[in-house]
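Here the structure comes first, spelled out in structure tokens, and everything after it is commentary.
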Amino acid sequence: MDNRPIGIFDSGVGGLTVVKEVMKVLPRESIVYLGDTARVPYGTKSDQAIKRFSLENAEFLKKFNVKIIIVACNTASSIALPALRKKITVPVVGVIRPGAGKAIEATRNNRIGVIGTPMTIKSKAYEKEIKRLSGDKKVFSSPCSLFVQLAEEGWLDGRITLDIARKYLKPLTGKKIDTLVLGCTHYPLLKNVISKAVGRGVRIVDSAGAVAEEVKGILGRTGKLAINRKKPSYKFFATDAVEQFAGIGARFLGKKINNLRRADYV
Ligand code: DGL
């Protein structure tokens with residue numbers, strides 16, 4: 001039994017899609033969330049910057065005596081996981097392995113598409129993980145950078161978003177994929193449009209639910225699940241203006257964000 005909180009960080013508000021799943025799958029666990037809104041987006045930054053930011057974020061979370069850290073950001077998970085595991089003494093879990101596992105379970109024809117930020121796609125993290133777990137899979141990837149802005153703007157449906165989705169997904173539509181991985185925190189909000197653009201027959205998977213299940217498994221195996229008699233506590237931090245985070249974040253979390261403060265180490 002371990003009632004210490006789970007730490008979760010992302011480059012901004014997007015990781016709240018992971019928080020939402022963790023709250024659902026692990027309702028007794030307390031959570032400290034950090035969104036690095038001052039330095040978002042990570043998806044177009046250099047390896048060095050992404051690693052440095054990720055390490056600083058993890059150090060911040062460690063101050064709350066977290067028992068495990070979830071890297072909700074796909075870009076940070078793709079680039080910074082080995083560096084984090086080397087330097088940070090609490091267990092660190094990324095979203096790539098759980099998402100890759102889910103895609104492998106979902107595909108029937110072994111042809112999987114992956115979309116994400118430019119840095120996630122460039123790193124080939126999903127592709128490598130899918131092939132490591134299951135060698136006979138074919139992976140086709142495409143970066144979709146504007147999806148992040150569209151999701152934050154709340155343009156989740158409609159003509160313009162559908163046109164942009166069709167343009168981004170065009171390289172994947174001729175590849176006969178039957179499964180598409182949403183390899184970015186923001187994309188679950190655009191699931192409807194993405195599904196329309198790629199074809200209704202394609203299964204859409206994302207990492208948020210899968211990482212929550214993975215963490216449940218790790219905490220269970222190591223005897224670290226919380227047995228909170230009280231309600232769990234949720235703390236939220238942003239490295240930039242909290243008003244903006246609260247407004248956009250509520251859409252990602254699906255409810256109002258309370259207990260939100262500024263983290264001023266950036
Ligand atoms: N959180 C990022 C991800 O999942 C998307 C936003 C960004 O580029 O920082 O890759």
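Residue numbering restarts at 1 for every chain of the structure tokens, chains are lettered A, B, ... in their displayed order, and ligands are numbered from 1 as they appear.
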
With 7 Å as the cut-off and only C-alpha atoms and all ligand atoms counted, what is the closest atom pair between each nearby residue of chain A and ligand 1? Distances in Å to one decimal, ordered by chain and number, as a tab-separated table.
```
residue	atom	partner	partner_atom_place_in_ligand_line	distance
A:Asp10	CA	ligand 1	1 (N)	5.6
A:Ser11	CA	ligand 1	9 (O)	4.7
A:Gly12	CA	ligand 1	1 (N)	6.3
A:Gly14	CA	ligand 1	1 (N)	5.4
A:Gly15	CA	ligand 1	1 (N)	6.3
A:Val40	CA	ligand 1	9 (O)	4.8
A:Pro41	CA	ligand 1	9 (O)	3.4
A:Tyr42	CA	ligand 1	9 (O)	3.7
A:Gly43	CA	ligand 1	8 (O)	3.4
A:Thr44	CA	ligand 1	8 (O)	6.4
A:Ala72	CA	ligand 1	4 (O)	6.8
A:Cys73	CA	ligand 1	4 (O)	3.9
A:Asn74	CA	ligand 1	4 (O)	3.8
A:Thr75	CA	ligand 1	10 (O)	3.9
A:Ala76	CA	ligand 1	10 (O)	6.9
A:Gly116	CA	ligand 1	10 (O)	6.3
A:Thr117	CA	ligand 1	10 (O)	5.5
A:Thr120	CA	ligand 1	10 (O)	6.5
A:Val148	CA	ligand 1	6 (C)	6.0
A:Gly183	CA	ligand 1	4 (O)	6.6
A:Cys184	CA	ligand 1	4 (O)	3.6
A:Thr185	CA	ligand 1	4 (O)	4.0
A:His186	CA	ligand 1	5 (C)	6.2
```

Next, dump the selected residues to file, keeping only N, CA and C atoms, as a CSV table (one decimal), in the first residue's frame.
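Result written to part-v3.csv:
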```csv
chain,number,residue,atom,x,y,z
A,10,ASP,N,3.4,16.7,-18.9
A,10,ASP,CA,3.3,16.9,-20.4
A,10,ASP,C,3.8,18.2,-20.7
A,11,SER,N,4.0,18.5,-22.0
A,11,SER,CA,4.4,19.8,-22.5
A,11,SER,C,3.4,20.9,-22.3
A,12,GLY,N,2.1,20.5,-22.0
A,12,GLY,CA,1.1,21.5,-21.8
A,12,GLY,C,-0.2,20.9,-21.3
A,14,GLY,N,-2.3,18.9,-23.1
A,14,GLY,CA,-2.7,17.7,-23.7
A,14,GLY,C,-2.7,16.4,-22.8
A,15,GLY,N,-1.7,16.4,-21.9
A,15,GLY,CA,-1.6,15.3,-21.0
A,15,GLY,C,-2.8,15.1,-20.1
A,40,VAL,N,5.8,24.8,-24.3
A,40,VAL,CA,5.1,24.1,-25.3
A,40,VAL,C,5.2,24.8,-26.7
A,41,PRO,N,5.3,24.2,-27.8
A,41,PRO,CA,5.3,22.8,-28.1
A,41,PRO,C,6.6,22.1,-28.0
A,42,TYR,N,6.7,20.9,-27.6
A,42,TYR,CA,7.9,20.1,-27.6
A,42,TYR,C,8.1,19.5,-29.0
A,43,GLY,N,7.0,19.3,-29.7
A,43,GLY,CA,7.0,18.5,-30.9
A,43,GLY,C,7.9,19.0,-32.1
A,44,THR,N,8.3,20.3,-32.0
A,44,THR,CA,9.1,20.8,-33.0
A,44,THR,C,10.5,21.3,-32.5
A,72,ALA,N,3.3,11.8,-20.0
A,72,ALA,CA,2.1,11.7,-20.8
A,72,ALA,C,2.4,12.2,-22.2
A,73,CYS,N,3.4,13.0,-22.4
A,73,CYS,CA,3.7,13.6,-23.7
A,73,CYS,C,4.4,12.6,-24.6
A,74,ASN,N,3.8,12.4,-25.7
A,74,ASN,CA,4.4,11.4,-26.7
A,74,ASN,C,5.8,11.8,-27.2
A,75,THR,N,6.0,13.1,-27.4
A,75,THR,CA,7.3,13.6,-27.8
A,75,THR,C,8.3,13.4,-26.8
A,76,ALA,N,8.0,13.7,-25.5
A,76,ALA,CA,9.0,13.5,-24.5
A,76,ALA,C,9.2,12.0,-24.2
A,116,GLY,N,1.8,11.7,-35.3
A,116,GLY,CA,2.3,12.3,-34.1
A,116,GLY,C,2.9,13.6,-34.5
A,117,THR,N,3.6,14.2,-33.5
A,117,THR,CA,4.3,15.5,-33.8
A,117,THR,C,5.5,15.2,-34.7
A,120,THR,N,8.2,13.2,-32.8
A,120,THR,CA,7.8,11.8,-32.4
A,120,THR,C,8.0,10.9,-33.7
A,148,VAL,N,-2.3,19.9,-33.1
A,148,VAL,CA,-2.2,20.4,-31.7
A,148,VAL,C,-2.9,21.7,-31.6
A,183,GLY,N,-0.6,9.1,-31.9
A,183,GLY,CA,0.6,9.2,-31.1
A,183,GLY,C,0.9,10.6,-30.6
A,184,CYS,N,-0.1,11.3,-30.1
A,184,CYS,CA,0.0,12.6,-29.5
A,184,CYS,C,-1.1,12.9,-28.5
A,185,THR,N,-0.8,13.5,-27.5
A,185,THR,CA,-1.8,13.8,-26.4
A,185,THR,C,-3.1,14.5,-26.9
A,186,HIS,N,-2.9,15.3,-27.9
A,186,HIS,CA,-4.1,16.1,-28.4
A,186,HIS,C,-5.0,15.4,-29.3
```

Based on the backbone DSSP call, show me all residues of stretch 32-61 of chain A assigned helix (DSSP H, G or I), as a ChimeraX atom specification. /A:47-61

With all heavy atoms retained, write the just-selected residues as a CSV table (one decimal), in the first residue's frame.
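Result went into again.csv, see below:
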```
chain,number,residue,atom,x,y,z
A,47,ASP,N,16.2,17.5,-29.8
A,47,ASP,CA,16.4,16.4,-28.8
A,47,ASP,C,16.9,17.0,-27.5
A,47,ASP,O,16.4,16.6,-26.4
A,47,ASP,CB,17.6,15.5,-29.3
A,47,ASP,CG,17.0,14.5,-30.2
A,47,ASP,OD1,16.2,14.8,-31.1
A,47,ASP,OD2,17.5,13.3,-30.1
A,48,GLN,N,18.0,17.8,-27.5
A,48,GLN,CA,18.6,18.3,-26.3
A,48,GLN,C,17.6,19.1,-25.5
A,48,GLN,O,17.5,19.0,-24.2
A,48,GLN,CB,19.8,19.3,-26.6
A,48,GLN,CG,20.9,18.6,-27.3
A,48,GLN,CD,20.8,18.7,-28.8
A,48,GLN,OE1,19.8,18.4,-29.4
A,48,GLN,NE2,21.9,19.2,-29.4
A,49,ALA,N,16.8,20.0,-26.1
A,49,ALA,CA,15.8,20.8,-25.4
A,49,ALA,C,14.8,19.9,-24.7
A,49,ALA,O,14.4,20.0,-23.6
A,49,ALA,CB,15.2,21.8,-26.3
A,50,ILE,N,14.3,18.9,-25.5
A,50,ILE,CA,13.2,18.0,-25.0
A,50,ILE,C,13.7,17.2,-23.8
A,50,ILE,O,13.0,17.1,-22.8
A,50,ILE,CB,12.7,17.1,-26.1
A,50,ILE,CG1,12.0,17.9,-27.2
A,50,ILE,CG2,11.7,16.0,-25.5
A,50,ILE,CD1,11.8,17.2,-28.5
A,51,LYS,N,15.0,16.8,-23.8
A,51,LYS,CA,15.6,16.0,-22.7
A,51,LYS,C,15.7,16.9,-21.5
A,51,LYS,O,15.4,16.6,-20.4
A,51,LYS,CB,16.9,15.5,-23.1
A,51,LYS,CG,16.8,14.2,-23.9
A,51,LYS,CD,18.2,13.6,-24.2
A,51,LYS,CE,18.1,12.7,-25.4
A,51,LYS,NZ,19.4,12.5,-26.1
A,52,ARG,N,16.2,18.1,-21.7
A,52,ARG,CA,16.4,19.1,-20.6
A,52,ARG,C,15.1,19.4,-19.9
A,52,ARG,O,15.0,19.3,-18.7
A,52,ARG,CB,17.2,20.3,-21.1
A,52,ARG,CG,17.5,21.3,-20.0
A,52,ARG,CD,18.5,22.3,-20.4
A,52,ARG,NE,18.2,23.1,-21.6
A,52,ARG,CZ,17.4,24.2,-21.5
A,52,ARG,NH1,16.9,24.6,-20.4
A,52,ARG,NH2,17.1,24.8,-22.6
A,53,PHE,N,14.1,19.8,-20.7
A,53,PHE,CA,12.8,20.2,-20.2
A,53,PHE,C,12.2,19.0,-19.4
A,53,PHE,O,11.7,19.1,-18.3
A,53,PHE,CB,11.8,20.6,-21.3
A,53,PHE,CG,12.2,21.7,-22.1
A,53,PHE,CD1,11.6,22.0,-23.3
A,53,PHE,CD2,13.2,22.6,-21.7
A,53,PHE,CE1,11.9,23.1,-24.1
A,53,PHE,CE2,13.6,23.7,-22.5
A,53,PHE,CZ,13.0,23.9,-23.7
A,54,SER,N,12.3,17.8,-20.0
A,54,SER,CA,11.7,16.6,-19.3
A,54,SER,C,12.4,16.3,-18.0
A,54,SER,O,11.7,16.0,-17.0
A,54,SER,CB,11.9,15.4,-20.2
A,54,SER,OG,11.2,15.6,-21.4
A,55,LEU,N,13.7,16.5,-17.9
A,55,LEU,CA,14.4,16.2,-16.7
A,55,LEU,C,14.0,17.3,-15.6
A,55,LEU,O,13.7,16.9,-14.5
A,55,LEU,CB,15.9,16.3,-16.9
A,55,LEU,CG,16.5,15.0,-17.5
A,55,LEU,CD1,17.9,15.3,-18.0
A,55,LEU,CD2,16.5,13.8,-16.5
A,56,GLU,N,13.9,18.5,-16.0
A,56,GLU,CA,13.4,19.6,-15.1
A,56,GLU,C,12.0,19.3,-14.6
A,56,GLU,O,11.7,19.5,-13.4
A,56,GLU,CB,13.5,20.9,-15.7
A,56,GLU,CG,15.0,21.4,-15.9
A,56,GLU,CD,15.1,22.7,-16.8
A,56,GLU,OE1,14.1,23.3,-17.1
A,56,GLU,OE2,16.2,23.0,-17.1
A,57,ASN,N,11.1,18.8,-15.5
A,57,ASN,CA,9.8,18.6,-15.1
A,57,ASN,C,9.7,17.4,-14.1
A,57,ASN,O,9.0,17.5,-13.1
A,57,ASN,CB,8.9,18.2,-16.3
A,57,ASN,CG,8.8,19.3,-17.3
A,57,ASN,OD1,9.1,20.4,-17.0
A,57,ASN,ND2,8.5,18.9,-18.6
A,58,ALA,N,10.5,16.4,-14.3
A,58,ALA,CA,10.5,15.2,-13.4
A,58,ALA,C,11.1,15.6,-12.1
A,58,ALA,O,10.6,15.2,-11.0
A,58,ALA,CB,11.3,14.1,-14.0
A,59,GLU,N,12.1,16.5,-12.1
A,59,GLU,CA,12.7,16.9,-10.8
A,59,GLU,C,11.6,17.7,-10.0
A,59,GLU,O,11.5,17.6,-8.8
A,59,GLU,CB,13.9,17.8,-11.0
A,59,GLU,CG,15.1,17.1,-11.5
A,59,GLU,CD,15.7,16.1,-10.5
A,59,GLU,OE1,15.3,16.1,-9.4
A,59,GLU,OE2,16.6,15.3,-11.0
A,60,PHE,N,10.8,18.5,-10.7
A,60,PHE,CA,9.8,19.3,-10.0
A,60,PHE,C,8.8,18.3,-9.4
A,60,PHE,O,8.4,18.5,-8.2
A,60,PHE,CB,9.1,20.2,-11.1
A,60,PHE,CG,7.9,20.9,-10.5
A,60,PHE,CD1,8.0,22.1,-9.7
A,60,PHE,CD2,6.6,20.4,-10.6
A,60,PHE,CE1,6.9,22.7,-9.2
A,60,PHE,CE2,5.5,21.1,-10.1
A,60,PHE,CZ,5.6,22.2,-9.4
A,61,LEU,N,8.4,17.3,-10.1
A,61,LEU,CA,7.4,16.3,-9.6
A,61,LEU,C,7.9,15.6,-8.4
A,61,LEU,O,7.2,15.2,-7.5
A,61,LEU,CB,6.9,15.4,-10.7
A,61,LEU,CG,6.0,15.9,-11.8
A,61,LEU,CD1,5.8,14.9,-12.9
A,61,LEU,CD2,4.7,16.4,-11.2
```

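Counting only C-alpha atoms, stretch 207-216 of chain A has the following residues at most 6 Å away, ignoring those fewer than 2 positions along the same chain: A:Val18, A:Glu21, A:Val22, A:Val95, A:Pro98, A:Gly99, A:Ile218, A:Leu219, A:Gly220.
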
Which of stretch 122-154 of chain A fall in strand (DSSP E), as a ChimeraX atom specification: /A:138-143

Residues from the last selection, N, CA, C and O atoms, saved as a compact mmCIF listing (two decimals), in the first residue's frame:
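File result38.txt, as written:
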```
# COMPACT_ATOMS: atom_id res chain seq x y z
N LYS A 138 3.97 -4.01 -40.34
CA LYS A 138 4.44 -2.93 -41.22
C LYS A 138 3.89 -1.63 -40.63
O LYS A 138 2.71 -1.54 -40.29
N VAL A 139 4.78 -0.63 -40.52
CA VAL A 139 4.36 0.63 -39.90
C VAL A 139 4.54 1.78 -40.89
O VAL A 139 5.58 1.90 -41.54
N PHE A 140 3.51 2.61 -40.99
CA PHE A 140 3.53 3.78 -41.89
C PHE A 140 3.23 5.01 -41.03
O PHE A 140 2.25 5.02 -40.29
N SER A 141 4.10 6.05 -41.13
CA SER A 141 3.92 7.19 -40.23
C SER A 141 3.78 8.50 -40.97
O SER A 141 4.26 8.65 -42.10
N SER A 142 3.16 9.45 -40.30
CA SER A 142 3.01 10.78 -40.88
C SER A 142 2.87 11.82 -39.77
O SER A 142 2.09 11.63 -38.84
N PRO A 143 3.67 12.92 -39.83
CA PRO A 143 3.52 13.96 -38.81
C PRO A 143 2.31 14.85 -39.11
O PRO A 143 2.01 15.11 -40.26
```

Skipping near chain neighbours, those fewer than 5 positions away, what residues fall within 8 Å of A:Asn259 using only C-alpha atoms, listed as an mmCIF file with N, CA and C atoms, in the first residue's frame?
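around38.cif, freshly written:
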```
data_model
loop_
_atom_site.group_PDB
_atom_site.id
_atom_site.type_symbol
_atom_site.label_atom_id
_atom_site.label_comp_id
_atom_site.auth_asym_id
_atom_site.auth_seq_id
_atom_site.Cartn_x
_atom_site.Cartn_y
_atom_site.Cartn_z
ATOM 1 N N TYR A 234 -6.015 15.934 -6.043
ATOM 2 C CA TYR A 234 -5.526 16.258 -7.384
ATOM 3 C C TYR A 234 -4.914 17.656 -7.364
ATOM 4 N N LYS A 235 -3.650 17.737 -7.730
ATOM 5 C CA LYS A 235 -2.984 19.052 -7.794
ATOM 6 C C LYS A 235 -2.530 19.285 -9.221
ATOM 7 N N PHE A 236 -2.727 20.477 -9.730
ATOM 8 C CA PHE A 236 -2.332 20.796 -11.105
ATOM 9 C C PHE A 236 -1.378 21.991 -11.100
#
```

Just the number, please: distance in Å from atom CA of A:Ile88 to atom CA of A:Val66, one decimal. 11.4 Å

A:Glu129 environment, 9 Å, only C-alpha atoms, sequence neighbours closer than 5 positions dropped, as an NGL selection string: :A and (96-97 or 100-101 or 124 or 134)

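The shortest atom-to-atom distance to A:Lys175, with only C-alpha atoms taken into account, belongs to A:Gly199 out of A:Leu26, A:Val92, A:Val71, A:Gly199.
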
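Candidate residues A:Leu190, A:Ile130, A:Ile115, A:Ile121 were compared for distance to A:Leu172, and the nearest is A:Ile115, using only C-alpha atoms.
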
Determine the nearest neighbour of A:Pro5 from the options A:Lys67, A:Arg261, A:Lys167, A:Lys20, counting only C-alpha atoms. A:Lys67

Grab the atom CA of A:Tyr126 to atom CA of A:Thr222 distance for me, in Å with one decimal place. 26.8 Å

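The gap separating atom CA of A:Ser77 from atom CA of A:Ala263 is 21.3 Å, in Å to one decimal.
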
Could you check the closest approach to A:Pro27 for each of A:Lys137, A:Ile6, A:Glu243, A:Arg132 and tell me which residue wins, using only C-alpha atoms? A:Ile6

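Remark: for A:Asp157, the closest of the candidate residues A:Asn192, A:Asn258, A:Thr173, A:Thr107 is A:Asn192 (distances computed over only C-alpha atoms).
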
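Among the candidates A:Val193, A:Ala106, A:Ile177, A:Ile8, the residue lying nearest to A:Phe147 is A:Val193 (atoms considered: only C-alpha atoms).
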